[in-house]
file protein-v9.cif (mmCIF, C-alpha atoms and all ligand atoms)
data_query
loop_
_atom_site.label_atom_id
_atom_site.label_comp_id
_atom_site.auth_asym_id
_atom_site.auth_seq_id
_atom_site.Cartn_x
_atom_site.Cartn_y
_atom_site.Cartn_z
CA MET A 1 -12.35 46.76 -8.62
CA THR A 2 -15.28 47.07 -6.21
CA SER A 3 -14.70 47.63 -2.53
CA LEU A 4 -15.97 44.10 -1.96
CA ASP A 5 -13.39 42.70 -4.36
CA ARG A 6 -10.75 44.73 -2.63
CA ARG A 7 -11.68 43.41 0.80
CA SER A 8 -11.48 39.88 -0.58
CA VAL A 9 -7.99 40.50 -1.91
CA LEU A 10 -6.85 41.90 1.42
CA ARG A 11 -8.44 39.00 3.30
CA ALA A 12 -6.65 36.59 1.01
CA ALA A 13 -3.45 38.51 1.62
CA ALA A 14 -3.86 38.33 5.37
CA SER A 15 -4.57 34.59 5.37
CA ALA A 16 -1.62 33.92 3.09
CA ALA A 17 0.59 35.76 5.55
CA GLY A 18 -0.68 33.55 8.32
CA ALA A 19 0.87 30.63 6.47
CA GLY A 20 4.20 31.92 7.73
CA ALA A 21 6.04 34.70 5.98
CA LEU A 22 9.58 34.62 7.28
CA ALA A 23 11.38 37.89 7.75
CA SER A 24 13.65 38.37 4.79
CA GLY A 25 15.04 41.82 5.32
CA CYS A 26 17.69 43.30 3.12
CA ASP A 27 19.56 44.68 6.12
CA PRO A 28 22.39 42.40 7.28
CA ALA A 29 21.74 43.36 10.92
CA ARG A 30 18.56 41.32 10.96
CA THR A 31 18.38 37.62 11.55
CA ASP A 32 17.19 35.98 8.40
CA THR A 33 16.71 32.25 8.08
CA SER A 34 14.64 32.36 4.93
CA ALA A 35 17.33 32.73 2.32
CA VAL A 36 19.80 29.91 2.83
CA PRO A 37 21.46 29.41 -0.53
CA ASP A 38 20.35 26.28 -2.30
CA THR A 39 23.06 25.76 -4.84
CA GLY A 40 22.24 22.11 -5.43
CA ARG A 41 18.86 22.71 -7.01
CA PRO A 42 18.73 22.93 -10.78
CA PRO A 43 16.93 25.92 -12.27
CA GLN A 44 13.23 25.35 -12.78
CA PRO A 45 11.87 25.77 -16.27
CA ALA A 46 9.85 28.91 -16.79
CA ALA A 47 6.15 28.12 -16.56
CA SER A 48 4.90 31.37 -18.11
CA PRO A 49 3.63 30.77 -21.63
CA ALA A 50 5.45 33.70 -23.24
CA PRO A 51 8.08 36.19 -22.21
CA ALA A 52 6.82 39.22 -20.31
CA ARG A 53 6.99 42.48 -22.16
CA ALA A 54 10.60 43.61 -22.14
CA ALA A 55 11.86 45.24 -18.99
CA ARG A 56 13.77 48.44 -19.48
CA PRO A 57 17.49 47.64 -19.67
CA PRO A 58 19.75 49.16 -17.02
CA PRO A 59 20.03 52.89 -17.74
CA ARG A 60 23.29 54.81 -17.60
CA VAL A 61 22.33 58.22 -16.24
CA PRO A 62 24.94 60.97 -16.64
CA GLY A 63 25.61 62.72 -13.36
CA LEU A 64 23.98 59.98 -11.30
CA PRO A 65 26.37 58.35 -8.77
CA ALA A 66 27.40 54.70 -9.06
CA GLN A 67 25.30 54.06 -5.95
CA ILE A 68 21.90 55.72 -5.82
CA VAL A 69 20.64 56.55 -2.33
CA HIS A 70 17.88 59.00 -3.22
CA GLY A 71 16.53 61.13 -6.04
CA PRO A 72 16.09 64.90 -6.36
CA ARG A 73 15.15 66.58 -3.08
CA ASP A 74 13.53 69.50 -4.87
CA GLY A 75 11.00 67.40 -6.78
CA HIS A 76 7.65 65.83 -5.96
CA ALA A 77 8.43 62.15 -6.45
CA VAL A 78 9.55 59.19 -4.36
CA ALA A 79 10.36 55.57 -5.25
CA LEU A 80 8.87 52.68 -3.29
CA THR A 81 11.26 49.77 -3.88
CA PHE A 82 10.51 46.18 -2.92
CA HIS A 83 12.59 43.14 -2.12
CA GLY A 84 10.98 40.67 -4.53
CA SER A 85 10.17 37.29 -3.04
CA GLY A 86 7.47 35.60 -0.99
CA ASP A 87 3.88 34.55 -1.49
CA PRO A 88 2.70 35.48 -5.01
CA GLN A 89 -0.83 36.18 -3.77
CA LEU A 90 0.53 38.79 -1.38
CA ALA A 91 2.77 40.21 -4.11
CA THR A 92 -0.18 40.47 -6.48
CA ALA A 93 -2.35 42.10 -3.81
CA LEU A 94 0.32 44.72 -3.22
CA LEU A 95 0.76 45.50 -6.92
CA THR A 96 -3.01 45.77 -7.28
CA GLU A 97 -3.20 48.26 -4.40
CA ALA A 98 -0.45 50.36 -5.98
CA GLU A 99 -2.21 50.39 -9.33
CA ARG A 100 -5.55 51.29 -7.78
CA ALA A 101 -3.90 54.42 -6.41
CA GLY A 102 -2.10 55.23 -9.66
CA ALA A 103 1.30 54.45 -8.14
CA ARG A 104 4.21 52.61 -9.73
CA VAL A 105 6.80 50.67 -7.75
CA THR A 106 10.16 49.01 -8.31
CA VAL A 107 10.55 45.29 -7.55
CA LEU A 108 14.06 43.93 -7.07
CA ALA A 109 13.47 40.25 -7.65
CA VAL A 110 15.45 37.43 -6.07
CA GLY A 111 16.47 34.94 -8.78
CA ASP A 112 15.30 31.79 -7.06
CA TRP A 113 11.90 33.44 -6.51
CA LEU A 114 11.70 34.04 -10.25
CA ASP A 115 12.48 30.35 -10.80
CA GLU A 116 9.58 29.43 -8.52
CA GLN A 117 7.19 32.20 -9.68
CA PRO A 118 8.14 33.07 -13.28
CA ALA A 119 4.70 34.57 -13.99
CA MET A 120 5.42 37.34 -11.49
CA ALA A 121 7.87 38.98 -13.90
CA ARG A 122 5.05 39.52 -16.38
CA ARG A 123 2.64 40.62 -13.68
CA ILE A 124 5.06 43.29 -12.41
CA LEU A 125 5.85 44.69 -15.85
CA ASP A 126 2.24 44.55 -17.05
CA GLY A 127 1.28 46.79 -14.13
CA GLY A 128 3.67 49.46 -15.37
CA HIS A 129 6.12 48.78 -12.57
CA GLU A 130 9.86 48.38 -12.80
CA LEU A 131 11.77 45.15 -12.35
CA GLY A 132 15.36 44.65 -11.21
CA ASN A 133 17.95 42.21 -9.88
CA HIS A 134 18.29 41.37 -6.18
CA THR A 135 20.82 38.53 -6.58
CA MET A 136 20.19 34.85 -7.20
CA HIS A 137 19.92 33.54 -3.61
CA HIS A 138 19.79 36.64 -1.38
CA ARG A 139 23.06 35.83 0.35
CA ALA A 140 25.12 38.44 2.20
CA ILE A 141 26.70 39.49 -1.06
CA CYS A 142 29.10 42.07 0.34
CA ALA A 143 30.81 39.32 2.38
CA LEU A 144 31.27 36.91 -0.54
CA PRO A 145 34.44 36.34 -2.55
CA ALA A 146 34.38 38.21 -5.86
CA ALA A 147 33.64 35.17 -8.03
CA GLU A 148 30.69 34.09 -5.90
CA ALA A 149 29.31 37.61 -5.66
CA TYR A 150 29.54 37.99 -9.43
CA ALA A 151 27.75 34.66 -9.93
CA GLU A 152 24.93 35.86 -7.65
CA ILE A 153 24.46 38.93 -9.84
CA ARG A 154 24.85 37.15 -13.17
CA GLN A 155 22.55 34.25 -12.40
CA CYS A 156 19.69 36.57 -11.47
CA ALA A 157 20.40 38.71 -14.54
CA ASP A 158 20.15 35.55 -16.67
CA ARG A 159 16.74 34.73 -15.18
CA LEU A 160 15.50 38.24 -15.87
CA ARG A 161 16.81 38.13 -19.44
CA ARG A 162 15.13 34.80 -20.09
CA LEU A 163 11.80 36.01 -18.69
CA THR A 164 11.73 39.60 -19.92
CA GLY A 165 14.39 40.12 -22.58
CA SER A 166 16.54 42.38 -20.41
CA ALA A 167 18.57 42.12 -17.22
CA GLY A 168 16.16 44.48 -15.49
CA SER A 169 16.60 48.14 -14.79
CA TRP A 170 18.46 48.10 -11.48
CA PHE A 171 20.62 45.98 -9.22
CA ARG A 172 20.29 46.05 -5.44
CA PRO A 173 22.70 44.10 -3.22
CA SER A 174 21.21 41.46 -0.91
CA ARG A 175 21.49 41.81 2.87
CA ALA A 176 23.37 45.07 2.58
CA ARG A 177 22.07 48.61 2.61
CA ARG A 178 25.07 49.83 0.66
CA ALA A 179 27.14 47.96 -1.90
CA THR A 180 30.88 47.74 -1.28
CA ASP A 181 33.17 49.14 -3.97
CA LEU A 182 33.79 45.56 -5.11
CA VAL A 183 30.10 44.75 -5.47
CA THR A 184 29.48 48.06 -7.24
CA ARG A 185 32.26 47.15 -9.70
CA LEU A 186 30.94 43.61 -10.21
CA ALA A 187 27.44 44.96 -10.85
CA ARG A 188 28.88 47.31 -13.47
CA GLN A 189 30.64 44.35 -15.12
CA ALA A 190 27.31 42.52 -15.19
CA GLY A 191 25.71 45.46 -16.98
CA TYR A 192 24.31 47.68 -14.21
CA PRO A 193 25.94 51.14 -14.29
CA HIS A 194 24.21 52.16 -11.04
CA VAL A 195 23.51 50.22 -7.84
CA LEU A 196 20.20 51.02 -6.15
CA SER A 197 20.47 51.64 -2.42
CA TYR A 198 17.88 53.57 -0.36
CA ASP A 199 17.60 56.31 2.22
CA LEU A 200 14.64 54.97 4.20
CA ASP A 201 14.15 51.48 5.62
CA SER A 202 10.47 50.78 6.31
CA LEU A 203 11.46 47.93 8.68
CA ASP A 204 8.49 46.02 7.28
CA ALA A 205 10.28 42.69 7.01
CA ALA A 206 10.05 42.29 10.80
CA ASP A 207 6.21 42.37 10.52
CA PRO A 208 5.64 45.19 13.04
CA GLY A 209 2.04 45.65 11.86
CA ALA A 210 0.59 47.91 9.21
CA PRO A 211 0.27 51.04 11.42
CA ALA A 212 3.98 50.87 12.32
CA VAL A 213 5.01 50.45 8.69
CA GLN A 214 2.78 53.35 7.69
CA ARG A 215 4.22 55.57 10.43
CA THR A 216 7.85 54.69 9.65
CA VAL A 217 7.41 55.43 5.96
CA LEU A 218 5.38 58.63 6.29
CA ASP A 219 7.56 60.03 9.10
CA GLY A 220 10.78 59.30 7.22
CA THR A 221 9.96 60.06 3.60
CA ALA A 222 11.27 63.25 2.04
CA PRO A 223 11.00 64.39 -1.58
CA GLY A 224 13.30 62.11 -3.59
CA SER A 225 13.32 59.29 -1.05
CA VAL A 226 14.00 55.73 -2.09
CA VAL A 227 12.09 53.56 0.40
CA SER A 228 12.99 49.93 1.08
CA LEU A 229 9.97 47.62 1.48
CA HIS A 230 9.26 43.92 0.99
CA LEU A 231 6.79 41.86 -1.00
CA GLY A 232 5.34 38.87 0.79
CA HIS A 233 4.23 40.63 4.01
CA ALA A 234 0.52 41.19 4.75
CA GLY A 235 1.29 44.21 6.95
CA THR A 236 2.98 45.92 4.02
CA VAL A 237 -0.01 45.22 1.76
CA ALA A 238 -2.36 46.73 4.34
CA ALA A 239 -0.06 49.72 4.91
CA LEU A 240 0.28 50.65 1.26
CA PRO A 241 -3.06 52.44 0.68
CA PRO A 242 -2.64 54.78 3.69
CA ILE A 243 1.01 55.34 2.76
CA LEU A 244 0.04 56.35 -0.77
CA ASP A 245 -2.76 58.53 0.58
CA GLY A 246 -0.36 60.22 3.03
CA LEU A 247 2.19 60.84 0.29
CA ARG A 248 -0.48 62.33 -1.95
CA ARG A 249 -1.57 64.71 0.80
CA ARG A 250 2.01 65.96 0.92
CA GLY A 251 2.12 66.44 -2.84
CA LEU A 252 4.38 63.41 -3.41
CA ARG A 253 3.90 60.79 -6.13
CA ALA A 254 5.19 57.21 -6.03
CA VAL A 255 6.97 56.60 -9.34
CA THR A 256 9.40 54.07 -10.80
CA THR A 257 13.06 54.49 -9.94
CA THR A 258 13.80 55.42 -13.53
CA GLU A 259 11.21 58.19 -13.40
CA LEU A 260 12.65 59.38 -10.08
CA VAL A 261 16.24 59.73 -11.26
CA THR A 262 15.93 60.67 -14.93
ZN ZN B 1 16.37 41.81 0.20
#
call {"tool": "encode", "arguments": {"input": "protein-v9.cif", "output": "structure tokens", "more": "lines below"}}
Ligand SMILES: [Zn+2]
result
Amino acid sequence: MTSLDRRSVLRAAASAAGAGALASGCDPARTDTSAVPDTGRPPQPAASPAPARAARPPPRVPGLPAQIVHGPRDGHAVALTFHGSGDPQLATALLTEAERAGARVTVLAVGDWLDEQPAMARRILDGGHELGNHTMHHRAICALPAAEAYAEIRQCADRLRRLTGSAGSWFRPSRARRATDLVTRLARQAGYPHVLSYDLDSLDAADPGAPAVQRTVLDGTAPGSVVSLHLGHAGTVAALPPILDGLRRRGLRAVTTTELVT
């Protein structure tokens, strides 16, 4: 991609953000009005012409805890992990920036986003990135009764299976930094031996501006870090190239979660 092309992509990203990206943080402490469950809407048919290449199925990694917070501290890798929803143009711009820098990311997709944007599953996997489950409706899953929490996990897993042939590599709870024991157990029942948490919150969902996101990530990242970020935010798209550059200067590579922990 030429630098002109790249500027166009970023301009498109910025104008898409102006259309009103609502904060959709994974942290329950934040106010979030963008993810009210819509249980009355029937699933949309997939519009992508053919299934994306198969996502890696959930791995069972001996010695890895049921809840992953970070990877090896004595290595040279980190995992940038993204809440998957929001404007597809912004999501595509972010993936393109990652690929330009030779980085791979992990996208935890919200099920109703996949219903609206089924082609994104293919786009993520075709870029060499990893895809996972971030519940069907992004409700506060740790506060739900067991049956409802399980349905949130299963419904998103079903979307991923239909689009990619597997339930995705990882499960991350919605609106909770850590899964409760119950949610960890329900995720295991749904086929995910490990729940993916994180050790660094970029705070990008509040749209603090690209410099603040860059500073938070670079100040807080250690070898092995799992960083929580969000698709659908122009500030995050703009922050990614300097973040990747800063990591590289410190000898750190952004890899998929599977590469980080196996
Ligand atoms: Zn989230």
call {"tool": "axis_aligned_box", "arguments": {"input": "protein-v9.cif", "around": "region 188-192 of chain A", "padding_each_side": "3 Å", "output": "AutoDock Vina command-line options"}}
result
--center_x 27.5 --center_y 45.1 --center_z -15.2 --size_x 12.3 --size_y 11.2 --size_z 9.5
call {"tool": "residues_near_ligand", "arguments": {"input": "protein-v9.cif", "ligand": "ligand ZN 1 (chain B)", "cutoff": "8 Å", "atoms": "all atoms listed in the file", "output": "list in words"}}
result
Ser24, Gly25, Cys26, Asp27, Phe82, His83, Gly84, Leu108, Val110, His134, His138, Pro173, Ser174, Arg175 and His230 of chain A
call {"tool": "write_last_selection", "arguments": {"input": "protein-v9.cif", "atoms": "C-alpha atoms", "output": "PDB file, in the frame of the given file"}}
result
ATOM      1  CA  SER A  24      13.650  38.370   4.790  1.00  0.00           C
ATOM      2  CA  GLY A  25      15.040  41.820   5.320  1.00  0.00           C
ATOM      3  CA  CYS A  26      17.690  43.300   3.120  1.00  0.00           C
ATOM      4  CA  ASP A  27      19.560  44.680   6.120  1.00  0.00           C
ATOM      5  CA  PHE A  82      10.510  46.180  -2.920  1.00  0.00           C
ATOM      6  CA  HIS A  83      12.590  43.140  -2.120  1.00  0.00           C
ATOM      7  CA  GLY A  84      10.980  40.670  -4.530  1.00  0.00           C
ATOM      8  CA  LEU A 108      14.060  43.930  -7.070  1.00  0.00           C
ATOM      9  CA  VAL A 110      15.450  37.430  -6.070  1.00  0.00           C
ATOM     10  CA  HIS A 134      18.290  41.370  -6.180  1.00  0.00           C
ATOM     11  CA  HIS A 138      19.790  36.640  -1.380  1.00  0.00           C
ATOM     12  CA  PRO A 173      22.700  44.100  -3.220  1.00  0.00           C
ATOM     13  CA  SER A 174      21.210  41.460  -0.910  1.00  0.00           C
ATOM     14  CA  ARG A 175      21.490  41.810   2.870  1.00  0.00           C
ATOM     15  CA  HIS A 230       9.260  43.920   0.990  1.00  0.00           C
TER      16      HIS A 230
END
call {"tool": "residues_around", "arguments": {"input": "protein-v9.cif", "residues": "Arg73 (chain A)", "least_positions_apart": "2", "cutoff": "9 Å", "atoms": "only C-alpha atoms", "output": "PyMOL selection string"}}
result
chain A and resi 70-71+75-77+222-225
call {"tool": "closest_residue", "arguments": {"input": "protein-v9.cif", "among": "A:Ala101, A:Leu144, A:Val107, A:Ile153", "to": "Gly246 (chain A)", "atoms": "only C-alpha atoms"}}
result
A:Ala101
call {"tool": "atom_distance", "arguments": {"input": "protein-v9.cif", "atom1": "CA of Thr262 (chain A)", "atom2": "CA of Thr221 (chain A)"}}
result
19.5 Å
call {"tool": "atom_distance", "arguments": {"input": "protein-v9.cif", "atom1": "CA of Val105 (chain A)", "atom2": "CA of Gln117 (chain A)"}}
result
18.6 Å
call {"tool": "atom_distance", "arguments": {"input": "protein-v9.cif", "atom1": "CA of Arg249 (chain A)", "atom2": "CA of Asp201 (chain A)"}}
result
21.1 Å
call {"tool": "residues_around", "arguments": {"input": "protein-v9.cif", "residues": "Thr257 (chain A)", "least_positions_apart": "3", "cutoff": "9 Å", "atoms": "all atoms listed in the file", "output": "PDB file with C-alpha atoms, in the coordinates of the input"}}
result
ATOM      1  CA  GLY A  71      16.530  61.130  -6.040  1.00  0.00           C
ATOM      2  CA  VAL A  78       9.550  59.190  -4.360  1.00  0.00           C
ATOM      3  CA  ALA A  79      10.360  55.570  -5.250  1.00  0.00           C
ATOM      4  CA  LEU A  80       8.870  52.680  -3.290  1.00  0.00           C
ATOM      5  CA  THR A  81      11.260  49.770  -3.880  1.00  0.00           C
ATOM      6  CA  VAL A 105       6.800  50.670  -7.750  1.00  0.00           C
ATOM      7  CA  THR A 106      10.160  49.010  -8.310  1.00  0.00           C
ATOM      8  CA  GLU A 130       9.860  48.380 -12.800  1.00  0.00           C
ATOM      9  CA  SER A 169      16.600  48.140 -14.790  1.00  0.00           C
ATOM     10  CA  TRP A 170      18.460  48.100 -11.480  1.00  0.00           C
ATOM     11  CA  LEU A 196      20.200  51.020  -6.150  1.00  0.00           C
ATOM     12  CA  VAL A 226      14.000  55.730  -2.090  1.00  0.00           C
ATOM     13  CA  LEU A 260      12.650  59.380 -10.080  1.00  0.00           C
ATOM     14  CA  VAL A 261      16.240  59.730 -11.260  1.00  0.00           C
ATOM     15  CA  THR A 262      15.930  60.670 -14.930  1.00  0.00           C
TER      16      THR A 262
END
call {"tool": "residues_around", "arguments": {"input": "protein-v9.cif", "residues": "Pro65 (chain A)", "least_positions_apart": "6", "cutoff": "10 Å", "atoms": "only C-alpha atoms", "output": "list in words"}}
result
Pro193, His194, Val195 and Leu196 of chain A
call {"tool": "closest_residue", "arguments": {"input": "protein-v9.cif", "among": "A:Met136, A:Cys156, A:Leu218, A:Leu90", "to": "Ala238 (chain A)", "atoms": "all atoms listed in the file"}}
result
A:Leu90
call {"tool": "closest_residue", "arguments": {"input": "protein-v9.cif", "among": "A:Ala187, A:Thr92, A:Thr258, A:Ala234", "to": "Leu64 (chain A)", "atoms": "all atoms listed in the file"}}
result
A:Thr258
call {"tool": "closest_residue", "arguments": {"input": "protein-v9.cif", "among": "A:Gly168, A:Ser202, A:Ser85, A:Tyr192", "to": "Asp115 (chain A)", "atoms": "only C-alpha atoms"}}
result
A:Ser85
call {"tool": "closest_residue", "arguments": {"input": "protein-v9.cif", "among": "A:Gln189, A:Gln155, A:Ser228, A:Thr236", "to": "Ala210 (chain A)", "atoms": "all atoms listed in the file"}}
result
A:Thr236
call {"tool": "residues_around", "arguments": {"input": "protein-v9.cif", "residues": "Arg188 (chain A)", "least_positions_apart": "6", "cutoff": "12 Å", "atoms": "only C-alpha atoms", "output": "mmCIF file with C-alpha atoms, in the frame of the given file"}}
result
data_model
loop_
_atom_site.group_PDB
_atom_site.id
_atom_site.type_symbol
_atom_site.label_atom_id
_atom_site.label_comp_id
_atom_site.auth_asym_id
_atom_site.auth_seq_id
_atom_site.Cartn_x
_atom_site.Cartn_y
_atom_site.Cartn_z
ATOM 1 C CA PRO A 58 19.750 49.160 -17.020
ATOM 2 C CA PRO A 59 20.030 52.890 -17.740
ATOM 3 C CA ARG A 60 23.290 54.810 -17.600
ATOM 4 C CA ALA A 66 27.400 54.700 -9.060
ATOM 5 C CA GLN A 67 25.300 54.060 -5.950
ATOM 6 C CA TYR A 150 29.540 37.990 -9.430
ATOM 7 C CA ILE A 153 24.460 38.930 -9.840
ATOM 8 C CA ARG A 154 24.850 37.150 -13.170
ATOM 9 C CA TRP A 170 18.460 48.100 -11.480
ATOM 10 C CA PHE A 171 20.620 45.980 -9.220
ATOM 11 C CA ARG A 172 20.290 46.050 -5.440
ATOM 12 C CA ALA A 179 27.140 47.960 -1.900
ATOM 13 C CA ASP A 181 33.170 49.140 -3.970
ATOM 14 C CA LEU A 182 33.790 45.560 -5.110
ATOM 15 C CA HIS A 194 24.210 52.160 -11.040
ATOM 16 C CA VAL A 195 23.510 50.220 -7.840
ATOM 17 C CA LEU A 196 20.200 51.020 -6.150
#
call {"tool": "residues_near_point", "arguments": {"input": "protein-v9.cif", "point": "(11.3, 39.3, -12.4)", "cutoff": "6 Å", "atoms": "all atoms listed in the file", "output": "PyMOL selection string"}}
result
chain A and resi 109+114+121+131+160
call {"tool": "closest_residue", "arguments": {"input": "protein-v9.cif", "among": "A:Val213, A:Leu229, A:Ala146, A:Pro118", "to": "Arg162 (chain A)", "atoms": "all atoms listed in the file"}}
result
A:Pro118
